[in-house]
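start_18.txt follows; it contains compact mmCIF, C-alpha atoms.
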# COMPACT_ATOMS: atom_id res chain seq x y z
CA SER A 1 45.78 -10.71 -7.28
CA GLU A 2 43.92 -11.19 -3.98
CA ASP A 3 42.41 -8.22 -2.25
CA ASN A 4 42.93 -7.96 1.49
CA ILE A 5 40.11 -6.53 3.53
CA ILE A 6 41.14 -4.72 6.66
CA ILE A 7 38.54 -3.96 9.28
CA GLN A 8 39.46 -1.45 11.92
CA LEU A 9 38.17 -2.50 15.38
CA PRO A 10 38.82 -1.05 18.80
CA HIS A 11 41.73 -2.85 20.49
CA ASN A 12 39.64 -4.74 23.06
CA GLN A 13 37.27 -6.12 20.38
CA MET A 14 40.22 -7.43 18.35
CA LEU A 15 41.59 -9.22 21.40
CA ASN A 16 38.17 -10.66 22.16
CA LEU A 17 37.84 -12.02 18.60
CA PHE A 18 41.37 -13.40 18.74
CA ALA A 19 40.74 -15.10 22.10
CA ARG A 20 37.51 -16.67 20.83
CA SER A 21 39.29 -18.02 17.76
CA LEU A 22 41.80 -19.77 20.04
CA VAL A 23 39.46 -20.96 22.78
CA ARG A 24 36.52 -22.35 20.80
CA PRO A 25 38.53 -24.97 18.87
CA ALA A 26 40.33 -26.02 22.05
CA LEU A 27 37.06 -26.40 23.94
CA SER A 28 35.44 -28.38 21.16
CA GLN A 29 38.34 -30.87 21.22
CA ALA A 30 38.66 -31.07 25.00
CA ARG A 31 37.32 -34.09 26.83
CA CYS A 32 35.31 -33.21 29.89
CA PHE A 33 35.75 -35.53 32.84
CA ALA A 34 33.54 -35.59 35.89
CA THR A 35 36.12 -35.96 38.64
CA VAL A 36 35.93 -35.11 42.30
CA MET A 37 38.91 -35.28 44.61
CA LYS A 38 38.26 -37.18 47.85
CA PHE A 39 40.48 -37.65 50.89
CA THR A 40 41.16 -40.16 53.69
CA LYS A 41 41.87 -39.59 57.37
CA THR A 42 45.36 -41.01 56.72
CA HIS A 43 46.04 -38.18 54.23
CA GLU A 44 45.77 -39.88 50.84
CA TRP A 45 43.62 -38.59 47.99
CA VAL A 46 41.82 -40.06 45.00
CA SER A 47 40.37 -38.42 41.92
CA ILE A 48 38.13 -40.77 39.95
CA ASP A 49 37.16 -40.25 36.32
CA GLU A 50 33.52 -41.30 36.48
CA SER A 51 33.39 -42.18 32.77
CA THR A 52 36.28 -44.69 32.91
CA LYS A 53 36.35 -45.51 36.65
CA ILE A 54 40.10 -44.83 36.66
CA GLY A 55 41.23 -43.37 39.96
CA ARG A 56 44.46 -41.44 40.36
CA ILE A 57 45.86 -41.64 43.91
CA GLY A 58 48.56 -39.94 45.93
CA ILE A 59 49.32 -38.28 49.24
CA THR A 60 47.96 -34.92 50.31
CA ASP A 61 49.74 -31.63 50.78
CA TYR A 62 49.25 -32.10 54.53
CA ALA A 63 51.01 -35.48 54.38
CA GLN A 64 53.98 -34.21 52.38
CA ASN A 65 54.38 -31.31 54.85
CA GLN A 66 54.50 -33.82 57.71
CA LEU A 67 57.05 -36.00 55.88
CA GLY A 68 59.44 -33.26 54.81
CA GLU A 69 61.73 -33.64 51.80
CA VAL A 70 60.79 -36.80 49.89
CA VAL A 71 63.83 -38.71 48.63
CA HIS A 72 62.30 -41.98 47.34
CA VAL A 73 58.90 -43.40 46.39
CA GLU A 74 58.38 -47.17 46.15
CA LEU A 75 55.68 -47.56 43.49
CA PRO A 76 53.23 -50.44 43.13
CA GLY A 77 53.47 -52.72 40.09
CA ILE A 78 51.27 -52.52 37.02
CA ASP A 79 48.40 -55.06 37.32
CA ASP A 80 48.85 -55.27 41.12
CA GLU A 81 45.53 -55.83 42.91
CA ILE A 82 45.18 -53.38 45.80
CA ASP A 83 42.41 -53.46 48.41
CA VAL A 84 40.90 -50.41 50.09
CA GLY A 85 43.16 -49.47 53.01
CA GLU A 86 46.07 -51.59 51.79
CA VAL A 87 49.56 -50.11 51.43
CA PHE A 88 50.03 -48.95 47.84
CA ALA A 89 53.32 -47.05 48.19
CA GLU A 90 56.22 -46.51 50.58
CA ILE A 91 57.49 -42.94 50.77
CA GLU A 92 60.90 -42.15 52.21
CA SER A 93 61.85 -38.67 53.31
CA VAL A 94 64.83 -37.18 55.08
CA LYS A 95 62.76 -37.48 58.30
CA ALA A 96 61.12 -40.91 58.02
CA ALA A 97 59.67 -43.68 55.89
CA SER A 98 55.90 -43.85 55.64
CA ALA A 99 53.36 -46.26 54.19
CA SER A 100 50.53 -44.82 52.08
CA TYR A 101 47.15 -46.56 52.24
CA SER A 102 44.90 -46.81 49.22
CA PRO A 103 41.63 -44.88 49.30
CA VAL A 104 40.23 -47.25 46.67
CA GLY A 105 40.45 -50.88 45.71
CA GLY A 106 41.22 -52.11 42.23
CA THR A 107 43.88 -52.99 39.70
CA VAL A 108 46.90 -50.74 39.09
CA THR A 109 46.80 -49.51 35.49
CA ALA A 110 49.61 -46.92 35.63
CA VAL A 111 52.29 -45.55 37.94
CA ASN A 112 54.02 -42.18 37.93
CA GLU A 113 57.43 -43.32 36.74
CA ALA A 114 58.71 -39.73 36.80
CA LEU A 115 58.91 -40.06 40.60
CA ALA A 116 61.86 -42.46 40.24
CA ASP A 117 64.07 -39.58 39.04
CA SER A 118 62.16 -36.74 40.72
CA PRO A 119 60.66 -37.87 44.04
CA GLN A 120 60.59 -34.23 45.15
CA THR A 121 57.59 -33.79 42.85
CA VAL A 122 55.55 -35.27 45.71
CA ASN A 123 56.56 -32.20 47.75
CA GLU A 124 56.21 -29.70 44.92
CA SER A 125 52.83 -30.84 43.61
CA PRO A 126 51.42 -33.63 45.82
CA GLU A 127 47.84 -33.37 44.60
CA LYS A 128 48.60 -32.99 40.90
CA ASP A 129 51.97 -33.88 39.30
CA GLY A 130 53.07 -35.90 42.35
CA TRP A 131 50.37 -38.56 41.89
CA ILE A 132 51.59 -42.08 42.59
CA ALA A 133 49.34 -44.58 40.79
CA GLU A 134 46.18 -45.05 38.76
CA LEU A 135 43.76 -47.89 39.46
CA LYS A 136 40.71 -49.31 37.74
CA VAL A 137 38.43 -48.64 40.71
CA GLU A 138 36.28 -51.49 41.98
CA LYS A 139 35.58 -50.17 45.48
CA GLU A 140 35.92 -46.88 47.40
CA HIS A 141 36.85 -46.36 51.04
CA GLU A 142 33.66 -45.91 53.07
CA GLU A 143 34.91 -42.80 54.89
CA LEU A 144 36.21 -40.65 52.02
CA MET A 145 35.83 -36.92 52.61
CA LEU A 146 35.27 -34.06 50.18
CA GLU A 147 37.73 -31.16 50.38
CA PRO A 148 35.86 -28.89 52.86
CA GLU A 149 35.39 -31.77 55.31
CA TYR A 150 39.03 -32.86 54.86
CA ARG A 151 40.36 -29.34 55.49
CA LYS A 152 38.33 -29.16 58.71
CA PHE A 153 39.69 -32.59 59.71
CA CYS A 154 43.29 -31.38 59.11
CA GLU A 155 42.73 -28.24 61.16
CA GLU A 156 41.38 -30.31 64.05
CA GLU A 157 44.19 -32.86 63.75
CA GLY A 158 46.81 -30.11 63.61
CA ALA A 159 45.41 -28.51 66.75
CA HIS A 160 45.37 -31.94 68.45
CA GLN A 161 49.02 -32.54 67.53
CA PHE A 162 50.10 -29.24 69.06
CA ASN A 163 48.06 -29.73 72.23
CA SER A 164 49.38 -33.22 73.06

File written out as structure tokens:
Amino acid sequence: SEDNIIIQLPHNQMLNLFARSLVRPALSQARCFATVMKFTKTHEWVSIDESTKIGRIGITDYAQNQLGEVVHVELPGIDDEIDVGEVFAEIESVKAASASYSPVGGTVTAVNEALADSPQTVNESPEKDGWIAELKVEKEHEELMLEPEYRKFCEEEGAHQFNS
């Protein structure tokens, strides 16, 4: 018969050992991607995986707030060639229809097909689950902003909208 060895540890040490046993294997299998989210003055975002040059694009939280409840997203086609600044999606809301302009140029490699049945995901998670397309990036918009600069831009634009 096998003998079981029981070691008595204080509660917090047992949890720490348990957590390490779960986290270490997960970290060793995880792929690390160097991605930075960048933004346009027309309120689109891109997050590019530097190792594959695949860019995921969508509209910002600011943009979805301006649109209101999204009811339909017209997606680009797989293998479509899109230039920087070209319309890559049409977004319809209860308020209006709006064109979204690509922050990068390249070939569409994937689209978020879940938006066909759940366009409201653009409202619920515009900068994560509400992404619209992925492109093999060949060129970036010259005026892309990092998040702190984009937030400042939005604050200034918001103030301008209310003062007009």

Using the file's own x, y and z axes, what box holds all listed atoms of stretch 74-88 of chain A with 4 Å on each side, keeping edges along x, y and z, and what are its centre and edge lengths in Å to one decimal, as JSON?
{"center_x": 49.6, "center_y": -51.5, "center_z": 45.0, "size_x": 25.5, "size_y": 16.7, "size_z": 24.0}

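Atom to atom, atom CA of A:Glu140 and atom CA of A:Pro119 stand 26.5 Å apart.
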
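Each of A:Ala99, A:Ile132, A:Ile78, A:Val70 was checked against A:Gly55 using all atoms listed in the file; the smallest atom-to-atom distance is that of A:Ile132.
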
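In this comparison, which uses only C-alpha atoms, the residue of A:Ser47, A:Thr107, A:Thr40, A:Thr35 approaching A:His141 most closely is A:Thr40.
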
Original post:
Contacts of stretch 82-98 of chain A at 10 Å or less, counting only C-alpha atoms, minus same-chain residues fewer than 2 places along, as a ChimeraX atom specification?
Top reply: /A:40,42,57-59,63-64,66-77,79-80,100-108,119-120,122,132-133,135,137-142

Original post:
What is the atom CA of A:Glu157-atom CA of A:Trp45 distance in Å, reported with one decimal?
Top reply: 16.8 Å

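What separates atom CA of A:Tyr62 from atom CA of A:Ser118 is a distance of 19.5 Å.
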
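Across A:Gly130, A:Ala116, A:Asn65, A:Lys136, the tightest approach to A:Glu50 is made by A:Lys136 when counting all atoms listed in the file.
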